[in-house]
>>> print(open('work25.txt').read())   # compact mmCIF, C-alpha atoms
# COMPACT_ATOMS: atom_id res chain seq x y z
CA MET A 4 -14.32 -9.38 28.15
CA GLN A 5 -13.55 -7.43 31.30
CA PHE A 6 -16.33 -5.44 32.91
CA GLU A 7 -14.61 -2.05 32.27
CA TYR A 8 -14.17 -2.78 28.56
CA PHE A 9 -17.80 -3.86 28.23
CA ILE A 10 -19.08 -0.63 29.81
CA GLY A 11 -16.63 1.49 27.80
CA GLY A 12 -17.79 -0.11 24.56
CA ARG A 13 -21.41 0.60 25.43
CA TYR A 14 -20.58 4.25 26.15
CA LEU A 15 -18.99 4.67 22.72
CA LYS A 16 -22.28 3.60 21.09
CA THR A 17 -24.15 6.75 22.12
CA LYS A 18 -27.85 7.24 21.54
CA GLN A 19 -29.32 9.63 19.01
CA LYS A 20 -30.02 12.29 21.66
CA GLN A 21 -26.28 12.41 22.36
CA ALA A 22 -25.34 12.86 18.70
CA PHE A 23 -23.24 15.92 19.54
CA ILE A 24 -20.84 13.76 21.55
CA SER A 25 -20.70 11.32 18.63
CA LEU A 26 -19.81 14.20 16.30
CA ILE A 27 -16.94 15.29 18.57
CA THR A 28 -15.77 11.68 18.72
CA LEU A 29 -15.75 11.45 14.92
CA LEU A 30 -13.91 14.76 14.68
CA SER A 31 -11.35 13.47 17.18
CA ILE A 32 -10.79 10.34 15.10
CA ALA A 33 -10.49 12.43 11.93
CA GLY A 34 -8.00 14.79 13.60
CA VAL A 35 -5.74 11.96 14.73
CA THR A 36 -6.03 10.32 11.29
CA VAL A 37 -5.04 13.49 9.41
CA GLY A 38 -2.19 14.23 11.82
CA VAL A 39 -0.70 10.74 11.64
CA MET A 40 -1.11 10.58 7.86
CA ALA A 41 0.53 13.97 7.32
CA LEU A 42 3.37 13.09 9.66
CA ILE A 43 4.05 9.76 7.92
CA VAL A 44 4.03 11.30 4.43
CA VAL A 45 6.28 14.23 5.36
CA ILE A 46 8.79 12.09 7.28
CA ALA A 47 8.84 9.54 4.41
CA VAL A 48 9.54 12.30 1.87
CA MET A 49 12.33 13.74 4.04
CA ALA A 50 13.81 10.27 4.50
CA GLY A 51 13.63 9.84 0.72
CA PHE A 52 15.50 13.12 0.18
CA GLU A 53 18.17 12.07 2.68
CA SER A 54 18.56 8.62 1.13
CA ASP A 55 18.74 10.00 -2.41
CA LEU A 56 21.25 12.64 -1.37
CA LYS A 57 23.35 10.01 0.40
CA THR A 58 23.33 7.81 -2.71
CA ARG A 59 24.43 10.66 -4.96
CA ILE A 60 27.21 11.76 -2.61
CA LEU A 61 28.53 8.21 -2.22
CA GLY A 62 28.44 7.82 -5.98
CA VAL A 63 31.32 10.32 -6.16
CA GLN A 64 32.91 10.00 -2.73
CA SER A 65 34.41 6.90 -1.19
CA HIS A 66 33.32 5.61 2.21
CA ILE A 67 36.72 6.19 3.84
CA VAL A 68 39.65 8.38 2.82
CA LEU A 69 43.13 7.50 4.12
CA THR A 70 45.73 10.29 4.04
CA ARG A 71 49.08 11.02 5.64
CA HIS A 72 50.17 13.94 7.78
CA GLY A 73 52.73 15.95 5.88
CA GLY A 74 51.33 15.33 2.41
CA GLN A 75 52.05 12.60 -0.14
CA PHE A 76 53.22 9.09 0.60
CA SER A 77 54.96 6.55 -1.62
CA ASP A 78 54.22 3.25 0.14
CA TYR A 79 50.60 3.27 -0.99
CA ARG A 80 50.91 -0.08 -2.76
CA ASP A 81 51.83 -1.87 0.47
CA VAL A 82 49.03 -0.05 2.30
CA ILE A 83 46.44 -1.08 -0.33
CA ALA A 84 47.71 -4.68 -0.27
CA GLY A 85 47.15 -4.75 3.49
CA LEU A 86 43.68 -3.20 3.19
CA ASP A 87 42.58 -5.73 0.55
CA LYS A 88 43.05 -8.53 3.10
CA ASP A 89 40.31 -7.08 5.33
CA ASP A 90 36.96 -8.85 4.75
CA GLU A 91 35.00 -5.68 5.59
CA ILE A 92 36.67 -3.75 2.76
CA ILE A 93 35.49 -4.12 -0.85
CA ALA A 94 38.33 -2.28 -2.56
CA ALA A 95 40.91 0.49 -2.17
CA THR A 96 42.40 2.80 -4.78
CA PRO A 97 45.03 5.59 -4.76
CA PHE A 98 44.23 9.16 -5.77
CA ILE A 99 45.83 12.57 -6.24
CA ASP A 100 43.98 15.82 -5.51
CA SER A 101 44.99 19.25 -6.75
CA GLN A 102 43.50 22.63 -7.60
CA VAL A 103 43.98 23.64 -11.23
CA MET A 104 42.68 25.94 -13.93
CA LEU A 105 41.05 24.49 -17.05
CA ARG A 106 41.21 26.48 -20.27
CA SER A 107 39.35 25.80 -23.48
CA THR A 108 38.74 27.85 -26.61
CA SER A 109 35.47 29.06 -25.05
CA GLY A 110 36.36 29.81 -21.45
CA VAL A 111 38.38 29.30 -18.29
CA SER A 112 37.30 27.69 -15.02
CA GLY A 113 38.83 26.55 -11.78
CA ALA A 114 38.49 22.86 -10.97
CA LEU A 115 39.36 20.16 -8.49
CA LEU A 116 41.51 17.76 -10.49
CA ARG A 117 41.63 14.18 -9.27
CA GLY A 118 44.03 11.59 -10.57
CA ILE A 119 42.70 8.05 -10.21
CA SER A 120 43.91 4.57 -11.06
CA PRO A 121 42.03 3.13 -14.08
CA ASP A 122 42.58 -0.39 -12.75
CA SER A 123 40.91 -0.02 -9.34
CA ALA A 124 38.97 3.26 -9.22
CA GLY A 125 35.86 1.70 -10.80
CA ARG A 126 35.44 -0.59 -7.78
CA VAL A 127 35.47 2.35 -5.37
CA ILE A 128 33.90 5.29 -7.27
CA GLN A 129 30.41 4.24 -8.29
CA ILE A 130 29.99 6.70 -11.18
CA PHE A 131 32.83 4.84 -12.93
CA ALA A 132 31.64 1.35 -12.01
CA GLU A 133 30.19 0.45 -15.43
CA THR A 134 32.59 1.90 -18.01
CA PRO A 135 36.24 0.76 -18.31
CA LEU A 136 38.40 3.73 -17.34
CA GLN A 137 41.26 2.80 -19.64
CA GLU A 138 39.05 3.76 -22.59
CA ARG A 139 38.32 7.15 -21.04
CA PHE A 140 41.87 8.18 -20.17
CA VAL A 141 43.66 7.26 -23.43
CA ILE A 142 42.47 8.93 -26.64
CA ARG A 143 43.76 7.44 -29.89
CA GLU A 144 44.30 10.03 -32.60
CA LYS A 145 42.66 9.35 -35.95
CA ASN A 146 45.65 10.57 -37.92
CA ILE A 147 48.34 7.94 -38.39
CA GLY A 148 51.65 8.77 -36.82
CA ARG A 149 50.29 10.98 -34.06
CA PRO A 150 50.69 9.63 -30.51
CA ALA A 151 47.83 8.89 -28.16
CA THR A 152 46.80 11.88 -26.03
CA PRO A 153 45.69 11.72 -22.42
CA GLY A 154 41.98 11.93 -21.79
CA ILE A 155 40.06 13.87 -19.15
CA VAL A 156 36.58 13.22 -17.76
CA LEU A 157 34.68 16.40 -16.81
CA GLY A 158 31.61 17.03 -14.72
CA LYS A 159 28.63 17.90 -16.92
CA GLU A 160 28.22 21.40 -15.49
CA LEU A 161 31.96 22.07 -15.67
CA ALA A 162 31.94 21.07 -19.34
CA ASN A 163 29.03 23.44 -19.96
CA ASN A 164 30.95 26.27 -18.28
CA LEU A 165 33.96 25.58 -20.50
CA GLY A 166 31.79 25.13 -23.60
CA VAL A 167 33.39 21.83 -24.61
CA MET A 168 32.11 18.57 -26.07
CA LYS A 169 33.63 15.10 -26.43
CA GLY A 170 36.81 15.23 -28.48
CA ASP A 171 37.52 18.91 -27.71
CA THR A 172 40.82 20.01 -26.28
CA VAL A 173 41.32 21.55 -22.85
CA TYR A 174 44.51 22.70 -21.19
CA ILE A 175 45.23 22.03 -17.52
CA ILE A 176 47.19 24.84 -15.90
CA SER A 177 48.84 23.71 -12.68
CA PRO A 178 50.32 26.11 -10.11
CA ARG A 179 53.16 23.64 -9.64
CA GLY A 180 55.30 24.98 -12.45
CA MET A 181 58.94 25.93 -12.63
CA LEU A 182 61.16 28.91 -11.97
CA SER A 183 62.41 30.85 -14.98
CA PRO A 184 64.27 34.12 -15.54
CA ILE A 185 60.90 35.88 -15.66
CA GLY A 186 59.66 34.24 -12.46
CA HIS A 187 57.37 31.33 -11.65
CA VAL A 188 55.79 29.81 -14.76
CA PRO A 189 52.72 27.54 -14.27
CA ARG A 190 52.84 24.11 -15.84
CA MET A 191 50.37 23.52 -18.68
CA LYS A 192 49.40 20.30 -20.44
CA ARG A 193 46.98 19.43 -23.22
CA PHE A 194 44.15 16.92 -22.66
CA THR A 195 41.29 15.67 -24.79
CA VAL A 196 37.76 15.53 -23.36
CA SER A 197 36.91 11.83 -23.43
CA ASP A 198 33.66 11.75 -21.47
CA PHE A 199 31.42 13.46 -18.92
CA PHE A 200 29.93 12.35 -15.61
CA GLN A 201 26.77 13.54 -13.92
CA SER A 202 26.19 12.78 -10.24
CA GLY A 203 23.18 15.07 -9.84
CA MET A 204 25.07 17.21 -7.30
CA TYR A 205 26.11 20.60 -8.68
CA GLU A 206 28.94 20.81 -6.16
CA TYR A 207 30.64 17.87 -7.90
CA ASP A 208 29.38 18.25 -11.48
CA GLY A 209 30.48 21.87 -11.65
CA SER A 210 33.97 21.55 -10.16
CA MET A 211 35.49 18.08 -10.59
CA ALA A 212 37.63 16.60 -13.36
CA TYR A 213 39.32 13.19 -13.53
CA ILE A 214 42.53 12.09 -15.24
CA SER A 215 44.66 8.98 -14.87
CA LEU A 216 46.96 8.64 -11.88
CA GLU A 217 50.09 8.57 -14.05
CA ASP A 218 49.12 11.79 -15.85
CA ALA A 219 48.41 13.49 -12.52
CA GLN A 220 51.79 12.42 -11.12
CA GLU A 221 53.54 13.75 -14.20
CA LEU A 222 51.58 17.01 -14.20
CA GLN A 223 52.22 17.68 -10.51
CA LYS A 224 55.82 16.34 -10.63
CA MET A 225 55.07 14.04 -7.71
CA GLY A 226 57.03 11.00 -8.85
CA ASP A 227 55.61 7.72 -7.57
CA THR A 228 53.58 9.25 -4.73
CA VAL A 229 49.88 9.87 -4.13
CA SER A 230 47.71 12.18 -2.01
CA GLY A 231 45.82 9.34 -0.34
CA VAL A 232 43.84 6.14 -0.66
CA GLU A 233 40.07 5.85 -1.09
CA ILE A 234 38.35 2.86 0.48
CA ARG A 235 34.94 1.30 -0.15
CA ILE A 236 33.38 -0.99 2.48
CA HIS A 237 30.40 -3.34 2.66
CA ASP A 238 28.49 -1.61 5.49
CA ILE A 239 28.59 2.17 5.10
CA TYR A 240 27.35 2.70 8.66
CA LYS A 241 30.46 0.99 10.03
CA ALA A 242 32.73 3.51 8.31
CA ALA A 243 33.76 5.25 11.53
CA GLN A 244 34.49 1.97 13.28
CA ILE A 245 36.50 0.54 10.37
CA GLY A 246 38.32 3.85 9.92
CA LYS A 247 39.50 3.82 13.54
CA LYS A 248 40.69 0.24 13.12
CA ILE A 249 42.70 1.19 10.02
CA GLU A 250 44.16 4.22 11.80
CA GLN A 251 45.22 2.13 14.79
CA LYS A 252 46.73 -0.55 12.54
CA LEU A 253 48.81 1.86 10.44
CA GLY A 254 49.58 4.29 13.24
CA PHE A 255 50.91 7.83 12.97
CA PRO A 256 51.27 9.72 10.58
CA TYR A 257 48.29 8.10 8.80
CA TRP A 258 44.79 9.34 9.54
CA VAL A 259 41.35 8.65 8.13
CA ARG A 260 38.08 10.46 7.46
CA ASP A 261 34.79 8.70 6.75
CA TRP A 262 31.89 9.89 4.61
CA MET A 263 29.83 10.89 7.65
CA GLN A 264 32.62 13.16 8.91
CA MET A 265 33.13 14.75 5.51
CA ASN A 266 29.40 15.53 5.16
CA ARG A 267 28.61 16.09 8.85
CA ASN A 268 27.12 19.57 8.42
CA LEU A 269 24.78 18.53 5.61
CA PHE A 270 23.40 15.42 7.32
CA SER A 271 23.16 17.22 10.68
CA ALA A 272 21.02 19.89 9.02
CA LEU A 273 18.80 17.23 7.44
CA LYS A 274 18.42 15.44 10.78
CA LEU A 275 17.54 18.68 12.57
CA GLU A 276 14.98 19.54 9.88
CA LYS A 277 13.41 16.10 10.23
CA ILE A 278 13.13 16.48 14.02
CA VAL A 279 11.62 19.97 13.72
CA MET A 280 9.04 18.79 11.18
CA PHE A 281 8.16 15.86 13.46
CA ILE A 282 7.57 18.24 16.37
CA ILE A 283 5.54 20.72 14.30
CA LEU A 284 3.29 18.08 12.74
CA THR A 285 2.82 16.37 16.09
CA LEU A 286 0.91 19.51 17.09
CA ILE A 287 -1.85 18.39 14.71
CA ILE A 288 -2.22 15.20 16.73
CA LEU A 289 -2.09 17.28 19.92
CA VAL A 290 -5.04 19.39 18.71
CA ALA A 291 -6.97 16.18 18.00
CA ALA A 292 -6.08 15.00 21.50
CA PHE A 293 -7.80 18.09 22.92
CA ASN A 294 -10.92 16.99 21.05
CA ILE A 295 -10.61 13.55 22.64
CA ALA A 296 -10.33 15.15 26.08
CA SER A 297 -13.35 17.41 25.48
CA SER A 298 -15.38 14.46 24.15
CA LEU A 299 -14.61 12.42 27.27
CA ILE A 300 -15.38 15.37 29.59
CA MET A 301 -18.80 15.77 27.97
CA MET A 302 -19.33 12.02 28.21
CA VAL A 303 -18.53 12.14 31.94
CA MET A 304 -21.07 14.95 32.37
CA LYS A 305 -23.72 12.96 30.48
CA LYS A 306 -22.96 9.74 32.34
CA THR A 307 -22.72 11.18 35.86
CA ARG A 308 -25.81 9.28 37.02
CA ASP A 309 -24.53 6.03 35.48
CA ILE A 310 -21.16 6.50 37.19
CA GLY A 311 -22.95 7.05 40.53
CA ILE A 312 -24.97 3.84 40.10
CA LEU A 313 -21.84 1.88 39.17
CA LYS A 314 -20.04 3.19 42.24
CA ALA A 315 -23.04 2.41 44.47
CA MET A 316 -22.92 -1.16 43.14
CA GLY A 317 -19.28 -1.46 44.28
CA THR A 318 -17.29 -0.36 41.25
CA THR A 319 -13.92 1.07 42.30
CA SER A 320 -12.50 4.42 41.23
CA GLN A 321 -9.76 2.56 39.36
CA SER A 322 -12.36 0.72 37.28
CA ILE A 323 -14.14 3.99 36.46
CA ARG A 324 -10.82 5.44 35.29
CA LYS A 325 -10.23 2.38 33.14
CA ILE A 326 -13.61 2.82 31.41
CA PHE A 327 -12.84 6.33 30.18
CA VAL A 328 -9.16 5.67 29.43
CA PHE A 329 -10.34 2.72 27.33
CA ASN A 330 -12.79 5.00 25.48
CA GLY A 331 -10.08 7.54 24.70
CA MET A 332 -7.61 4.90 23.60
CA ILE A 333 -10.18 3.32 21.27
CA ILE A 334 -10.70 6.72 19.63
CA GLY A 335 -6.95 7.31 19.39
CA GLY A 336 -6.29 3.76 18.19
CA ILE A 337 -8.85 3.99 15.38
CA GLY A 338 -7.47 7.38 14.29
CA THR A 339 -3.86 6.18 14.44
CA THR A 340 -4.62 2.98 12.50
CA LEU A 341 -6.49 4.87 9.78
CA GLY A 342 -3.70 7.48 9.64
CA VAL A 343 -1.00 4.84 9.24
CA MET A 344 -2.98 3.07 6.51
CA LEU A 345 -3.75 6.25 4.57
CA GLY A 346 -0.17 7.50 5.01
CA ALA A 347 1.23 4.23 3.67
CA ILE A 348 -1.17 4.36 0.70
CA VAL A 349 -0.18 7.96 -0.14
CA CYS A 350 3.53 7.06 0.11
CA PHE A 351 3.00 4.05 -2.18
CA LEU A 352 1.18 6.19 -4.76
CA LEU A 353 3.89 8.88 -4.65
CA LYS A 354 6.62 6.29 -5.08
CA GLN A 355 4.84 4.25 -7.74
CA TYR A 356 3.37 6.90 -10.01
CA LYS A 357 5.61 9.95 -9.28
CA PHE A 358 2.80 12.38 -10.09
CA ILE A 359 4.50 15.26 -8.20
CA GLU A 360 7.24 16.72 -10.40
CA LEU A 361 9.96 19.09 -9.21
CA ASP A 362 11.74 21.82 -11.14
CA PRO A 363 15.21 20.43 -12.01
CA ASP A 364 16.56 24.00 -12.12
CA VAL A 365 15.76 24.37 -8.40
CA TYR A 366 16.11 20.80 -7.10
CA TYR A 367 18.70 18.18 -7.99
CA ILE A 368 15.91 15.63 -8.63
CA SER A 369 12.87 15.69 -10.91
CA THR A 370 10.36 13.74 -8.80
CA LEU A 371 9.52 13.56 -5.10
CA PRO A 372 11.54 10.80 -3.42
CA VAL A 373 9.75 8.65 -0.84
CA LYS A 374 11.25 6.18 1.62
CA LEU A 375 8.87 4.78 4.22
CA GLU A 376 10.84 3.22 7.07
CA VAL A 377 9.31 0.87 9.64
CA GLN A 378 10.98 2.59 12.60
CA ASP A 379 9.50 5.95 11.55
CA VAL A 380 5.99 4.45 11.32
CA LEU A 381 6.36 2.81 14.75
CA LEU A 382 7.66 6.06 16.26
CA ILE A 383 4.81 8.13 14.81
CA GLY A 384 2.16 5.58 15.82
CA GLY A 385 3.63 5.28 19.31
CA ALA A 386 3.81 9.07 19.76
CA ALA A 387 0.18 9.43 18.64
CA MET A 388 -1.00 6.77 21.10
CA VAL A 389 0.97 8.35 23.97
CA ILE A 390 -0.58 11.76 23.26
CA CYS A 391 -4.05 10.20 23.12
CA PHE A 392 -3.41 8.36 26.39
CA ILE A 393 -2.32 11.56 28.16
CA SER A 394 -5.47 13.32 26.92
CA THR A 395 -7.64 10.71 28.67
CA LEU A 396 -6.08 11.08 32.13
CA TYR A 397 -7.89 14.23 33.27
CA PRO A 398 -11.44 13.20 32.20
CA ALA A 399 -10.90 9.71 33.65
CA HIS A 400 -9.67 11.20 36.92
CA GLN A 401 -12.67 13.52 37.12
CA ALA A 402 -15.02 10.58 36.51
CA SER A 403 -13.42 8.56 39.31
CA LYS A 404 -14.04 11.44 41.78
CA VAL A 405 -17.82 11.45 41.28
CA ASP A 406 -19.71 11.07 44.57
CA PRO A 407 -22.32 8.29 44.06
CA VAL A 408 -24.88 9.85 46.43
CA GLU A 409 -24.71 13.28 44.75
CA ALA A 410 -24.65 11.73 41.30
CA ILE A 411 -27.82 9.63 41.90
CA ARG A 412 -29.67 12.46 43.64
CA TYR A 413 -28.88 15.24 41.13
CA GLY A 414 -27.79 13.24 38.05
>>> encode(input="work25.txt", output="structure tokens")
Amino acid sequence: MQFEYFIGGRYLKTKQKQAFISLITLLSIAGVTVGVMALIVVIAVMAGFESDLKTRILGVQSHIVLTRHGGQFSDYRDVIAGLDKDDEIIAATPFIDSQVMLRSTSGVSGALLRGISPDSAGRVIQIFAETPLQERFVIREKNIGRPATPGIVLGKELANNLGVMKGDTVYIISPRGMLSPIGHVPRMKRFTVSDFFQSGMYEYDGSMAYISLEDAQELQKMGDTVSGVEIRIHDIYKAAQIGKKIEQKLGFPYWVRDWMQMNRNLFSALKLEKIVMFIILTLIILVAAFNIASSLIMMVMKKTRDIGILKAMGTTSQSIRKIFVFNGMIIGGIGTTLGVMLGAIVCFLLKQYKFIELDPDVYYISTLPVKLEVQDVLLIGGAAMVICFISTLYPAHQASKVDPVEAIRYG
């Protein structure tokens, strides 16, 4: 053990007559512990919210959306065949988007109608990954002699607004109608509610409806064209990179948008909130650092005579600084270690037992999500140690300036 560390360790073990300094030291450790623990728990909860929100959004949205300037395109089959050859792409599926009105016997509501391919949409849209879509989009009538009717899948909240259940009839009213002697007449078609979906996001559950691609083409009189192609990839964080590669390969007039671009405002707000909370809760550690500084200043005052003797024996100012920096870092290190341990324990308990419940009418989830990431723990622990180190610089500098003659004479 180096000489400075030996002396520093002895100074931390204060005598009973210096119990006040010991109390400040314990309070400093407690302050750092509480600050680090609170910061870890809050950041883990915010990361959990972000991760859960991302999962729900990507359950409805694809990772990349390929569209064409000027509207629909008809060569989508060739485009999808080319995309399927890329090893980074899981699947691609065509879609049609349109704004429509839905009418039932109980109400009317606007909706975003999406036509999807029953054969490939389940590999791209996760909410349809488990149930065969062919069964949802073709409803067989019970009465013999009546033809099969097209099915429609509604968001749970949209179905509640319309007051419909499975098997009920809804009418899709499309603005793409026809001209008649009395003017423009909207096109209307009858569908049977085959199923519901629930993503947990009101934005989707309250406004989206799905029908088969063929029914959407017939309703919108689009022929054999689509609005775009949805793409699912293996690594969601490479969406921008893969999207640019697809855009360069296909060239103009094709263009792509990835899930991060489509939800940029939401995730930017979450990131900003996370940074602000990190800064605010770091102030708790900063307050504890002031306690560390005051504890070391009082220790320097109590040990002035000892410092003078050490200097008279040949100890350098740098070694004196090391002694008190070591003391402060030991205090900060103990507090940070305890804070990380307690924070990890609290996060584990929250994740395992879910004893904090949320109001589903206010939040889109019922329990508090927790996601403890290693990089967040390292960042918080590193920030705490840096703050503790800075708090030791002034007391250590003051100790190194002690005049040995004055310290021995008046200490």
>>> closest_atom_pairs(input="work25.txt", of="range 201-305 of chain A", to="range 111-120 of chain A", cutoff="7 Å", atoms="only C-alpha atoms", output="CSV")
residue,atom,partner,partner_atom,distance
A:Ser210,CA,A:Ala114,CA,4.8
A:Met211,CA,A:Leu115,CA,4.9
A:Ala212,CA,A:Leu116,CA,5.0
A:Tyr213,CA,A:Arg117,CA,4.9
A:Ile214,CA,A:Gly118,CA,4.9
A:Ser215,CA,A:Gly118,CA,5.1
A:Leu216,CA,A:Gly118,CA,4.4
A:Ala219,CA,A:Gly118,CA,5.2
>>> atom_distance(input="work25.txt", atom1="CA of Thr70 in chain A", atom2="CA of Arg267 in chain A")
18.7 Å
>>> residues_near_point(input="work25.txt", point="(-0.7, 20.1, 12.2)", cutoff="10 Å", atoms="all atoms listed in the file", output="list in words")
Gly34, Val35, Val37, Gly38, Val39, Ala41, Leu42, Met280, Phe281, Ile282, Ile283, Leu284, Thr285, Leu286, Ile287, Ile288, Leu289, Val290 and Ala291 of chain A
>>> residues_around(input="work25.txt", residues="range 56-58 of chain A", least_positions_apart="6", cutoff="10 Å", atoms="all atoms listed in the file", output="VMD selection string")
chain A and resid 50 64 129 202 to 204 262 to 263 266 269 to 270 367 to 368
>>> atom_distance(input="work25.txt", atom1="CA of Gly209 in chain A", atom2="CA of Leu165 in chain A")
10.2 Å
>>> residues_near_point(input="work25.txt", point="(31.5, 8.6, -10.1)", cutoff="6 Å", atoms="all atoms listed in the file", output="PDB file with C-alpha atoms, in the frame of the given file")
ATOM      1  CA  GLY A  62      28.440   7.820  -5.980  1.00  0.00           C
ATOM      2  CA  VAL A  63      31.320  10.320  -6.160  1.00  0.00           C
ATOM      3  CA  ILE A 128      33.900   5.290  -7.270  1.00  0.00           C
ATOM      4  CA  GLN A 129      30.410   4.240  -8.290  1.00  0.00           C
ATOM      5  CA  ILE A 130      29.990   6.700 -11.180  1.00  0.00           C
ATOM      6  CA  PHE A 131      32.830   4.840 -12.930  1.00  0.00           C
TER       7      PHE A 131
END
>>> atom_distance(input="work25.txt", atom1="CA of Met332 in chain A", atom2="CA of Ile46 in chain A")
24.2 Å
>>> closest_residue(input="work25.txt", among="A:Leu222, A:Ile278, A:Ala386, A:Leu341", to="Val45 in chain A", atoms="only C-alpha atoms")
A:Ile278
>>> residues_around(input="work25.txt", residues="Leu273 in chain A", least_positions_apart="4", cutoff="9 Å", atoms="all atoms listed in the file", output="PyMOL selection string")
chain A and resi 49+52-53+268-269+277-278
>>> closest_residue(input="work25.txt", among="A:Ile359, A:Val380, A:Ile10, A:Leu313", to="Met344 in chain A", atoms="only C-alpha atoms")
A:Val380
>>> closest_residue(input="work25.txt", among="A:Val196, A:Leu161, A:Val103, A:Met302", to="Ile176 in chain A", atoms="all atoms listed in the file")
A:Val103
>>> axis_aligned_box(input="work25.txt", around="range 243-248 of chain A", padding_each_side="4 Å", output="JSON")
{"center_x": 37.2, "center_y": 2.7, "center_z": 11.7, "size_x": 14.9, "size_y": 13.0, "size_z": 11.6}
>>> closest_residue(input="work25.txt", among="A:Phe293, A:Tyr174, A:Phe351, A:Tyr356", to="Ile393 in chain A", atoms="only C-alpha atoms")
A:Phe293
>>> residues_around(input="work25.txt", residues="Gly170 in chain A", least_positions_apart="5", cutoff="9 Å", atoms="all atoms listed in the file", output="JSON, numbers by chain")
{"A": [142, 195, 196, 197, 198]}
>>> closest_residue(input="work25.txt", among="A:Leu381, A:Ile83, A:Leu157, A:Ile337", to="Ile234 in chain A", atoms="all atoms listed in the file")
A:Ile83
>>> closest_residue(input="work25.txt", among="A:Met388, A:Val373, A:Ala315, A:Ile99", to="Thr340 in chain A", atoms="only C-alpha atoms")
A:Met388
